[in-house]
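Here is the file upload.cif (mmCIF, C-alpha atoms).
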```cif
data_query
loop_
_atom_site.label_atom_id
_atom_site.label_comp_id
_atom_site.auth_asym_id
_atom_site.auth_seq_id
_atom_site.Cartn_x
_atom_site.Cartn_y
_atom_site.Cartn_z
CA MET R 26 188.96 196.34 294.99
CA ALA R 27 188.72 194.18 291.91
CA LYS R 28 192.00 193.31 290.23
CA ALA R 29 190.39 191.78 287.19
CA MET R 30 187.03 192.52 285.72
CA LYS R 31 185.39 191.26 282.58
CA LEU R 32 182.01 191.64 280.91
CA ARG R 33 180.77 188.97 278.55
CA HIS R 34 177.63 188.09 276.63
CA PHE R 35 175.59 190.87 278.19
CA PRO R 36 172.34 190.97 276.23
CA ILE R 37 171.10 194.54 276.83
CA ILE R 38 173.49 197.11 278.31
CA GLN R 39 176.53 197.12 280.52
CA LEU R 40 176.02 196.61 284.22
CA PRO R 41 176.36 199.96 286.06
CA LEU R 42 179.81 200.43 287.48
CA ILE R 43 178.43 201.13 290.94
CA SER R 44 177.09 197.57 291.18
CA LEU R 45 180.58 196.18 290.59
CA ILE R 46 182.28 198.72 292.86
CA PHE R 47 180.29 197.72 295.91
CA LEU R 48 180.43 193.97 295.31
CA PRO R 49 184.08 193.28 296.30
CA SER R 50 183.84 195.34 299.49
CA LEU R 51 180.55 193.66 300.39
CA ILE R 52 181.94 190.20 299.81
CA SER R 53 185.18 190.75 301.70
CA SER R 54 183.32 192.13 304.74
CA GLN R 55 181.42 188.90 305.37
CA THR R 56 182.59 186.10 307.59
CA CYS R 57 181.11 182.78 306.52
CA GLN R 58 181.53 179.79 308.80
CA LYS R 59 181.51 176.13 307.77
CA THR R 60 179.85 175.00 311.00
CA CYS R 61 177.29 176.24 313.51
CA GLY R 62 177.71 174.39 316.77
CA LYS R 63 177.99 170.72 315.82
CA LEU R 64 176.19 171.12 312.49
CA SER R 65 178.01 171.36 309.17
CA ILE R 66 176.91 174.34 307.06
CA ARG R 67 176.81 173.93 303.30
CA TYR R 68 175.06 175.69 300.44
CA PRO R 69 172.27 176.82 300.27
CA PHE R 70 172.56 177.68 303.97
CA GLY R 71 174.90 180.18 305.57
CA THR R 72 175.89 181.64 308.91
CA GLY R 73 175.29 185.30 308.14
CA PRO R 74 174.47 187.95 305.51
CA GLY R 75 176.15 187.16 302.20
CA CYS R 76 176.61 183.50 303.11
CA GLY R 77 174.60 180.85 301.31
CA ASP R 78 171.55 181.50 299.13
CA PRO R 79 169.80 184.82 300.00
CA ARG R 80 166.39 183.11 299.97
CA PHE R 81 167.35 181.16 303.09
CA GLN R 82 169.21 183.85 305.04
CA ASN R 83 166.19 185.14 306.99
CA ARG R 84 164.93 181.65 307.73
CA ILE R 85 168.08 179.72 308.64
CA THR R 86 170.30 181.60 311.09
CA CYS R 87 173.22 180.81 313.38
CA ASN R 88 173.09 182.58 316.75
CA GLN R 89 175.49 181.73 319.56
CA GLN R 90 176.41 178.51 317.76
CA GLU R 91 172.79 177.35 317.53
CA LEU R 92 171.21 176.88 314.12
CA THR R 93 167.54 177.85 314.04
CA PHE R 94 164.68 177.83 311.55
CA THR R 95 162.25 180.76 311.69
CA THR R 96 158.69 181.16 310.40
CA HIS R 97 155.80 183.44 311.35
CA THR R 98 154.89 180.99 314.13
CA GLY R 99 158.28 181.09 315.88
CA SER R 100 161.90 179.96 315.86
CA TYR R 101 162.82 176.29 316.08
CA PRO R 102 166.15 174.52 316.75
CA ILE R 103 167.56 172.57 313.81
CA THR R 104 168.72 169.17 315.05
CA SER R 105 170.26 167.84 311.83
CA ILE R 106 170.55 168.40 308.09
CA ASP R 107 170.40 165.64 305.50
CA TYR R 108 172.19 167.28 302.57
CA ALA R 109 171.97 164.18 300.40
CA ASN R 110 168.17 164.17 300.52
CA GLN R 111 167.77 167.93 301.03
CA VAL R 112 165.93 167.74 304.34
CA ILE R 113 166.37 169.74 307.55
CA TYR R 114 165.05 168.37 310.83
CA ILE R 115 163.69 170.71 313.47
CA THR R 116 162.07 170.45 316.88
CA ASP R 117 159.35 172.57 318.45
CA PRO R 118 159.86 173.26 322.19
CA SER R 119 156.06 173.50 322.58
CA MET R 120 155.48 170.10 320.98
CA SER R 121 154.17 167.20 323.04
CA THR R 122 156.02 163.89 323.12
CA CYS R 123 155.61 160.57 324.88
CA SER R 124 157.49 161.91 327.91
CA CYS R 125 155.99 165.40 328.14
CA THR R 126 152.76 167.16 327.18
CA LYS R 127 152.64 170.91 326.59
CA PRO R 128 150.04 173.38 325.35
CA SER R 129 150.86 174.64 321.88
CA LYS R 130 149.59 177.15 319.33
CA GLY R 131 150.70 174.97 316.44
CA PHE R 132 153.09 175.36 313.55
CA GLY R 133 153.07 176.87 310.08
CA LEU R 134 155.35 177.54 307.12
CA ASP R 135 155.57 180.94 305.49
CA TRP R 136 153.68 180.89 302.20
CA ASN R 137 156.76 182.01 300.26
CA ALA R 138 159.29 179.84 302.10
CA PRO R 139 161.36 177.49 299.87
CA PHE R 140 160.35 174.54 302.07
CA SER R 141 157.72 171.83 302.17
CA PHE R 142 157.06 169.05 304.64
CA ASN R 143 158.99 165.85 304.19
CA ASP R 144 156.72 162.98 303.17
CA ASN R 145 157.69 160.99 306.26
CA THR R 146 156.50 163.66 308.70
CA VAL R 147 153.31 162.79 310.57
CA PHE R 148 151.33 165.13 312.81
CA ALA R 149 149.08 163.98 315.63
CA LEU R 150 146.69 166.62 316.97
CA LEU R 151 145.99 166.02 320.67
CA ASP R 152 143.05 166.79 322.94
CA CYS R 153 140.80 168.16 320.21
CA SER R 154 137.20 169.08 320.96
CA THR R 155 134.92 166.52 319.35
CA THR R 156 132.01 168.99 319.51
CA SER R 157 133.55 172.20 318.18
CA SER R 158 136.73 171.33 316.27
CA PRO R 159 136.44 171.73 312.47
CA ILE R 160 138.36 168.46 312.05
CA TYR R 161 135.13 166.72 313.13
CA MET R 162 131.84 166.88 311.30
CA PRO R 163 128.32 165.61 312.01
CA ASN R 164 127.79 162.08 310.77
CA GLY R 165 125.00 162.99 308.36
CA GLY R 166 121.70 161.22 308.83
CA ASN R 167 122.74 159.48 312.03
CA LEU R 168 120.10 159.93 314.71
CA ASN R 169 122.53 159.85 317.61
CA ASN R 170 124.43 162.82 316.06
CA SER R 171 127.77 161.09 316.53
CA THR R 172 130.87 162.52 314.89
CA SER R 173 133.43 161.08 312.53
CA PRO R 174 136.92 162.61 312.38
CA LEU R 175 138.28 164.08 309.14
CA CYS R 176 141.63 162.46 309.80
CA ASP R 177 143.81 159.71 308.42
CA ALA R 178 142.18 156.47 309.54
CA GLN R 179 145.47 154.63 309.11
CA GLY R 180 146.92 156.80 311.87
CA ALA R 181 144.61 155.40 314.55
CA SER R 182 147.38 153.20 315.94
CA ILE R 183 149.63 156.26 316.37
CA CYS R 184 146.94 157.94 318.46
CA SER R 185 146.44 154.82 320.52
CA LEU R 186 150.15 154.48 321.25
CA LEU R 187 150.60 158.17 322.06
CA TYR R 188 147.67 158.10 324.46
CA SER R 189 149.21 155.11 326.20
CA CYS R 190 152.21 157.24 327.21
CA GLN R 191 152.13 158.16 330.89
CA ALA R 192 152.43 161.89 330.15
CA VAL R 193 149.24 161.70 328.06
CA SER R 194 147.29 158.97 329.83
CA ARG R 195 147.34 160.82 333.15
CA LEU R 196 145.32 163.59 331.48
CA ASN R 197 142.48 161.07 331.17
CA ILE R 198 141.34 162.19 327.72
CA PRO R 199 139.67 159.81 325.25
CA ILE R 200 141.53 158.58 322.15
CA SER R 201 138.72 160.04 320.03
CA THR R 202 140.21 163.50 320.72
CA CYS R 203 143.35 162.57 318.75
CA CYS R 204 143.62 163.15 315.01
CA VAL R 205 146.51 162.17 312.74
CA TYR R 206 147.36 164.61 309.97
CA THR R 207 149.78 163.96 307.14
CA PRO R 208 151.45 167.00 305.52
CA VAL R 209 149.11 167.00 302.53
CA ASP R 210 146.18 167.50 304.91
CA LEU R 211 147.59 170.83 306.05
CA GLY R 212 146.75 172.44 302.71
CA PRO R 213 148.91 174.60 300.43
CA SER R 214 149.77 177.09 303.19
CA PHE R 215 151.04 174.33 305.53
CA GLU R 216 149.26 176.02 308.43
CA MET R 217 148.36 174.17 311.63
CA ASP R 218 146.56 176.69 313.85
CA LEU R 219 145.60 174.72 316.94
CA GLN R 220 143.45 177.51 318.32
CA LYS R 221 141.26 177.41 315.21
CA LEU R 222 141.32 173.62 315.21
CA LYS R 223 140.27 173.57 318.89
CA CYS R 224 143.12 171.27 319.89
CA SER R 225 145.38 171.67 322.92
CA SER R 226 148.64 170.37 321.50
CA TYR R 227 150.29 168.27 318.82
CA SER R 228 153.10 165.83 318.20
CA GLY R 229 155.30 165.78 315.14
CA ILE R 230 156.92 162.47 314.25
CA ASN R 231 159.60 162.17 311.59
CA GLY R 232 160.69 158.61 312.24
CA PHE R 233 159.99 155.52 314.33
CA ASN R 234 163.55 154.17 314.68
CA GLY R 235 162.27 150.73 313.74
CA GLN R 236 160.13 150.66 316.91
CA GLU R 237 156.68 151.49 315.62
CA PHE R 238 155.03 150.15 318.79
CA ASN R 239 157.25 152.02 321.25
CA PRO R 240 156.34 155.75 321.20
CA GLY R 241 159.06 156.45 323.75
CA SER R 242 161.67 155.72 321.06
CA TRP R 243 160.14 157.71 318.19
CA ASN R 244 161.88 160.71 316.63
CA TYR R 245 159.78 163.72 317.56
CA GLY R 246 160.12 166.75 315.31
CA MET R 247 159.57 167.73 311.70
CA GLY R 248 161.39 167.17 308.44
CA LEU R 249 161.36 170.01 305.92
CA LYS R 250 162.48 169.57 302.33
CA TYR R 251 164.19 172.38 300.43
CA LYS R 252 165.10 173.03 296.80
CA PHE R 253 168.08 174.84 295.31
CA ASN R 254 166.03 176.40 292.53
CA TYR R 255 163.16 175.64 290.16
CA ASN R 256 164.99 172.71 288.56
CA ASN R 257 166.62 171.78 291.88
CA ASP R 258 170.08 171.87 290.30
CA TYR R 259 173.00 172.18 292.67
CA PRO R 260 175.09 175.15 291.44
CA THR R 261 178.27 173.83 289.84
CA LEU R 262 180.23 176.83 291.10
CA CYS R 263 179.24 176.04 294.67
CA ALA R 264 180.11 172.37 294.27
CA ASN R 265 183.58 173.32 293.04
CA CYS R 266 183.94 175.86 295.82
CA GLU R 267 183.14 173.38 298.59
CA LYS R 268 185.41 170.75 297.06
CA THR R 269 188.29 173.18 297.57
CA ASN R 270 187.33 173.78 301.22
CA GLY R 271 185.50 177.01 300.45
CA VAL R 272 182.21 178.46 301.66
CA CYS R 273 179.68 179.44 299.01
CA GLY R 274 177.66 182.65 299.18
CA GLY R 275 175.14 184.29 296.86
CA PHE R 276 174.50 187.93 296.09
CA VAL R 277 171.67 189.35 294.02
CA TYR R 278 171.58 192.61 292.04
CA LEU R 279 168.31 193.59 290.42
CA SER R 280 168.55 196.81 288.43
CA ILE R 281 170.30 197.45 285.15
CA GLY R 282 169.98 201.15 284.30
CA MET R 283 166.28 201.91 284.12
CA VAL R 284 165.42 198.37 283.09
CA PHE R 285 164.46 195.75 285.68
CA ARG R 286 165.19 192.19 284.67
CA ASP R 287 165.54 188.88 286.42
CA ALA R 288 168.10 189.10 289.18
CA LEU R 289 171.73 188.51 288.37
CA ARG R 290 173.02 186.03 290.90
CA VAL R 291 176.67 186.32 291.82
CA VAL R 292 178.12 183.26 293.48
CA ALA R 293 181.14 183.89 295.68
CA CYS R 294 183.55 181.31 297.04
CA LYS R 295 185.28 182.24 300.27
CA ARG R 296 188.52 180.49 301.17
CA SER R 297 191.20 180.95 303.79
CA LEU R 298 194.68 181.71 302.48
CA ASP R 299 197.50 182.11 305.02
CA GLY R 300 195.00 182.98 307.71
CA VAL R 301 193.34 185.72 305.63
CA GLN R 302 189.89 185.04 304.23
CA ASN R 303 189.56 185.97 300.55
CA PHE R 304 186.79 185.66 298.03
CA VAL R 305 187.07 184.26 294.55
CA SER R 306 183.86 185.35 292.87
CA ASN R 307 182.13 184.03 289.80
CA CYS R 308 178.83 185.02 288.27
CA SER R 309 176.34 182.45 287.07
CA ALA R 310 174.70 185.03 284.82
CA ASP R 311 176.49 187.51 282.55
CA VAL R 312 179.29 189.02 284.63
CA TRP R 313 182.27 187.67 286.47
CA LEU R 314 185.01 189.26 288.52
CA VAL R 315 187.95 188.21 290.64
CA SER R 316 188.71 190.01 293.87
CA SER R 317 191.21 189.57 296.69
#
```

Would you mind writing the file out in structure tokens?
Amino acid sequence: MAKAMKLRHFPIIQLPLISLIFLPSLISSQTCQKTCGKLSIRYPFGTGPGCGDPRFQNRITCNQQELTFTTHTGSYPITSIDYANQVIYITDPSMSTCSCTKPSKGFGLDWNAPFSFNDNTVFALLDCSTTSSPIYMPNGGNLNNSTSPLCDAQGASICSLLYSCQAVSRLNIPISTCCVYTPVDLGPSFEMDLQKLKCSSYSGINGFNGQEFNPGSWNYGMGLKYKFNYNNDYPTLCANCEKTNGVCGGFVYLSIGMVFRDALRVVACKRSLDGVQNFVSNCSADVWLVSS
């Protein structure tokens, strides 16, 4: 239970007591880890309910020491996290690479997910139908009814190199069935439905390792950028928490009496003291409390 409790600068009415009663017990029941497998876990991510920012809890999860990213199209292993540049890197098991080709349904981000594609991510759609795929269109006025791809012309060399890989070349498909997409081409919903696009598979490339002409050495996967909030400000409370070897978690309470306002976000710092995990909680809105 709370040992110290204080209300300050509350603009409308006092926060219902029940909201404060349940908070300490909720916080103390959570076990937040600083790592998942070999990956370091820092805010805004967490390893379970009550850990990290609530907006990410259903999308970034740690199961059996494997960190995964989940959207409506599936769950994908997270290979690394660049906290300095706010980018997570994921792989798709159904993605084709220079060493292996696989059929795929594609990839998409949830419309309300706090992520966007990293600018360096490039998508190559493979084995697309030049007669029925919407990424191709009739070359207007041309008597031979040839087609011209609605793709990034500067990505032609990527297609050529990918199709030179043994795993792709043995399929004996023409380079004209390859189309390079950049993230902006996926539209605001970031949806890549290969069944609708009439393509068999795709490759995601998030780096060339300085070997642009050697597709066997490319980094296959996707980079996804994230933001802390609208202004992308790293919460000071979380920064201070992690500096003291703590794990930062967020909790949101919405109702104040009969009035619904913007959510009050409570930021909790979990530390280990003498082998017992305790929370020191602070509120970034109008309420703070200390519990142990």

Could you tell me, as a ChimeraX atom specification, exactly which residues end up selected when the PyMOL selection byres ((chain R and resi 93) around 12) is applied to this structure? /R:61-62,64,70-72,81-92,94-96,99-106,113-117

Pull out every residue that the PyMOL selection byres ((chain R and resi 181) around 12) matches in the shown coordinates and put them as a list in words.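 Against this file, the PyMOL selection byres ((chain R and resi 181) around 12) returns the residues Phe148, Ala149, Leu150, Pro174, Cys176, Asp177, Ala178, Gln179, Gly180, Ser182, Ile183, Cys184, Ser185, Leu186, Leu187, Tyr188, Ile200, Ser201, Thr202, Cys203, Cys204, Val205 and Tyr206 of chain R.
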
Write the residues of the preceding selection, restricted to C-alpha atoms, as a JSON list (two decimals), in the frame of the given file.
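Everything below was put into out-v5.json:
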```
[["chain", "number", "residue", "atom", "x", "y", "z"],
["R", 148, "PHE", "CA", 151.33, 165.13, 312.81],
["R", 149, "ALA", "CA", 149.08, 163.98, 315.63],
["R", 150, "LEU", "CA", 146.69, 166.62, 316.97],
["R", 174, "PRO", "CA", 136.92, 162.61, 312.38],
["R", 176, "CYS", "CA", 141.63, 162.46, 309.80],
["R", 177, "ASP", "CA", 143.81, 159.71, 308.42],
["R", 178, "ALA", "CA", 142.18, 156.47, 309.54],
["R", 179, "GLN", "CA", 145.47, 154.63, 309.11],
["R", 180, "GLY", "CA", 146.92, 156.80, 311.87],
["R", 182, "SER", "CA", 147.38, 153.20, 315.94],
["R", 183, "ILE", "CA", 149.63, 156.26, 316.37],
["R", 184, "CYS", "CA", 146.94, 157.94, 318.46],
["R", 185, "SER", "CA", 146.44, 154.82, 320.52],
["R", 186, "LEU", "CA", 150.15, 154.48, 321.25],
["R", 187, "LEU", "CA", 150.60, 158.17, 322.06],
["R", 188, "TYR", "CA", 147.67, 158.10, 324.46],
["R", 200, "ILE", "CA", 141.53, 158.58, 322.15],
["R", 201, "SER", "CA", 138.72, 160.04, 320.03],
["R", 202, "THR", "CA", 140.21, 163.50, 320.72],
["R", 203, "CYS", "CA", 143.35, 162.57, 318.75],
["R", 204, "CYS", "CA", 143.62, 163.15, 315.01],
["R", 205, "VAL", "CA", 146.51, 162.17, 312.74],
["R", 206, "TYR", "CA", 147.36, 164.61, 309.97]]
```

Write out as a list of chain:residue names the residues lying within 10 Å of Gln220 of chain R, counting all atoms listed in the file and excluding same-chain residues fewer than 6 positions away.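 The neighbour list is R:Ser129, R:Lys130, R:Gly131, R:Cys153, R:Ser158, R:Ser226.
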
Could you work out how far atom CA of Phe132 of chain R lies from atom CA of Leu219 of chain R, giving the answer in Å with one decimal? 8.2 Å

Which one of R:Leu262, R:Asn257, R:Ser141, R:Gly241 sits closest to Ala192 of chain R if you count all atoms listed in the file?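 Among R:Leu262, R:Asn257, R:Ser141, R:Gly241, it is R:Gly241 that comes nearest to Ala192 of chain R.
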
What is the distance between atom CA of Asn254 of chain R and atom CA of Met217 of chain R, in Å to one decimal?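 Taking atom CA of Asn254 of chain R and atom CA of Met217 of chain R, their separation equals 26.1 Å.
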
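The smallest atom-to-atom distance between Thr56 of chain R and any of R:Gly274, R:Pro118, R:Pro69, R:Lys252, using only C-alpha atoms, is found for R:Gly274.
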
Pick the closest to Thr60 of chain R from R:Cys294, R:Val112, R:Ile160, R:Val272: which is it, counting all atoms listed in the file?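 Nearest candidate to Thr60 of chain R out of R:Cys294, R:Val112, R:Ile160, R:Val272: R:Val272.
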
Would you be able to write out as an mmCIF file with C-alpha atoms, in the coordinates of the input which residues have an atom within 7 Å of (183.6, 181.3, 303.9) in the file's coordinates, counting all atoms listed in the file?
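Ended up saving to out.cif:
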```
data_model
loop_
_atom_site.group_PDB
_atom_site.id
_atom_site.type_symbol
_atom_site.label_atom_id
_atom_site.label_comp_id
_atom_site.auth_asym_id
_atom_site.auth_seq_id
_atom_site.Cartn_x
_atom_site.Cartn_y
_atom_site.Cartn_z
ATOM 1 C CA THR R 56 182.590 186.100 307.590
ATOM 2 C CA CYS R 57 181.110 182.780 306.520
ATOM 3 C CA GLN R 58 181.530 179.790 308.800
ATOM 4 C CA LYS R 59 181.510 176.130 307.770
ATOM 5 C CA GLY R 271 185.500 177.010 300.450
ATOM 6 C CA VAL R 272 182.210 178.460 301.660
ATOM 7 C CA CYS R 273 179.680 179.440 299.010
ATOM 8 C CA CYS R 294 183.550 181.310 297.040
ATOM 9 C CA LYS R 295 185.280 182.240 300.270
ATOM 10 C CA ARG R 296 188.520 180.490 301.170
#
```

Atom CA of Arg80 of chain R to atom CA of Arg67 of chain R, distance in Å rounded to a single decimal: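 We find that atom CA of Arg80 of chain R and atom CA of Arg67 of chain R lie 14.3 Å from each other.
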
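Summary of the local environment: counting only C-alpha atoms, residues at most 9 Å from Pro159 of chain R, other than itself and those fewer than 5 positions away along its chain, are R:Ser154, R:Leu175, R:Lys221, R:Leu222, R:Lys223.
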
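Using all atoms listed in the file, the smallest distance between any of R:Asp152, R:Glu216, R:Asp107, R:Asp78 and Trp136 of chain R comes from R:Glu216.
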
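Excluding His97 of chain R and any residue on its chain fewer than 5 positions from it, the residues at most 9 Å away by all atoms listed in the file are R:Phe132, R:Gly133, R:Leu134, R:Asp135.
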
Go through R:Asn145, R:Pro79, R:Tyr227, R:Gly246 and flag the residue nearest Lys127 of chain R, using all atoms listed in the file for the distances.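 Closest candidate: R:Tyr227.
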
I need the residue nearest Met120 of chain R from this list: R:Leu151, R:Cys190, R:Ala138, R:Cys266. Use all atoms listed in the file for the distance. R:Leu151

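By chain and then residue number, the residues within 8 Å of Thr122 of chain R are Cys125, Thr126, Leu187, Ser228 and Tyr245 of chain R, counting only C-alpha atoms and disregarding those fewer than 3 positions away in sequence.
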
How would segment 180-203 of chain R look with N, CA and C atoms restored, written as a JSON list (two decimals), in the coordinates of the input?
```json
[["chain", "number", "residue", "atom", "x", "y", "z"],
["R", 180, "GLY", "N", 146.12, 156.30, 310.76],
["R", 180, "GLY", "CA", 146.92, 156.80, 311.87],
["R", 180, "GLY", "C", 146.33, 156.49, 313.24],
["R", 181, "ALA", "N", 145.26, 155.70, 313.28],
["R", 181, "ALA", "CA", 144.61, 155.40, 314.55],
["R", 181, "ALA", "C", 145.57, 154.75, 315.53],
["R", 182, "SER", "N", 146.45, 153.89, 315.03],
["R", 182, "SER", "CA", 147.38, 153.20, 315.94],
["R", 182, "SER", "C", 148.37, 154.19, 316.55],
["R", 183, "ILE", "N", 148.74, 155.25, 315.81],
["R", 183, "ILE", "CA", 149.63, 156.26, 316.37],
["R", 183, "ILE", "C", 148.96, 156.97, 317.54],
["R", 184, "CYS", "N", 147.69, 157.32, 317.37],
["R", 184, "CYS", "CA", 146.94, 157.94, 318.46],
["R", 184, "CYS", "C", 146.87, 157.02, 319.67],
["R", 185, "SER", "N", 146.57, 155.77, 319.43],
["R", 185, "SER", "CA", 146.44, 154.82, 320.52],
["R", 185, "SER", "C", 147.75, 154.68, 321.31],
["R", 186, "LEU", "N", 148.85, 154.63, 320.59],
["R", 186, "LEU", "CA", 150.15, 154.48, 321.25],
["R", 186, "LEU", "C", 150.55, 155.76, 321.99],
["R", 187, "LEU", "N", 150.28, 156.91, 321.39],
["R", 187, "LEU", "CA", 150.60, 158.17, 322.06],
["R", 187, "LEU", "C", 149.80, 158.32, 323.35],
["R", 188, "TYR", "N", 148.53, 157.94, 323.28],
["R", 188, "TYR", "CA", 147.67, 158.10, 324.46],
["R", 188, "TYR", "C", 147.96, 157.06, 325.52],
["R", 189, "SER", "N", 148.79, 156.07, 325.19],
["R", 189, "SER", "CA", 149.21, 155.11, 326.20],
["R", 189, "SER", "C", 150.42, 155.61, 326.99],
["R", 190, "CYS", "N", 151.07, 156.66, 326.50],
["R", 190, "CYS", "CA", 152.21, 157.24, 327.21],
["R", 190, "CYS", "C", 151.73, 157.83, 328.53],
["R", 191, "GLN", "N", 152.53, 157.68, 329.56],
["R", 191, "GLN", "CA", 152.13, 158.16, 330.89],
["R", 191, "GLN", "C", 151.83, 159.65, 330.90],
["R", 192, "ALA", "N", 152.63, 160.44, 330.16],
["R", 192, "ALA", "CA", 152.43, 161.89, 330.15],
["R", 192, "ALA", "C", 151.07, 162.26, 329.57],
["R", 193, "VAL", "N", 150.54, 161.43, 328.67],
["R", 193, "VAL", "CA", 149.24, 161.70, 328.06],
["R", 193, "VAL", "C", 148.12, 160.99, 328.81],
["R", 194, "SER", "N", 148.35, 159.76, 329.20],
["R", 194, "SER", "CA", 147.29, 158.97, 329.83],
["R", 194, "SER", "C", 146.83, 159.57, 331.16],
["R", 195, "ARG", "N", 147.74, 160.24, 331.87],
["R", 195, "ARG", "CA", 147.34, 160.82, 333.15],
["R", 195, "ARG", "C", 146.39, 162.02, 332.98],
["R", 196, "LEU", "N", 146.28, 162.52, 331.73],
["R", 196, "LEU", "CA", 145.32, 163.59, 331.48],
["R", 196, "LEU", "C", 143.90, 163.06, 331.36],
["R", 197, "ASN", "N", 143.78, 161.74, 331.21],
["R", 197, "ASN", "CA", 142.48, 161.07, 331.17],
["R", 197, "ASN", "C", 141.57, 161.64, 330.07],
["R", 198, "ILE", "N", 142.12, 161.72, 328.86],
["R", 198, "ILE", "CA", 141.34, 162.19, 327.72],
["R", 198, "ILE", "C", 141.13, 161.02, 326.76],
["R", 199, "PRO", "N", 139.96, 160.95, 326.13],
["R", 199, "PRO", "CA", 139.67, 159.81, 325.25],
["R", 199, "PRO", "C", 140.48, 159.85, 323.96],
["R", 200, "ILE", "N", 140.76, 158.69, 323.40],
["R", 200, "ILE", "CA", 141.53, 158.58, 322.15],
["R", 200, "ILE", "C", 140.80, 159.28, 321.01],
["R", 201, "SER", "N", 139.49, 159.39, 321.11],
["R", 201, "SER", "CA", 138.72, 160.04, 320.03],
["R", 201, "SER", "C", 139.09, 161.51, 319.86],
["R", 202, "THR", "N", 139.80, 162.09, 320.83],
["R", 202, "THR", "CA", 140.21, 163.50, 320.72],
["R", 202, "THR", "C", 141.55, 163.65, 320.00],
["R", 203, "CYS", "N", 142.08, 162.54, 319.48],
["R", 203, "CYS", "CA", 143.35, 162.57, 318.75],
["R", 203, "CYS", "C", 143.07, 162.44, 317.25]]
```
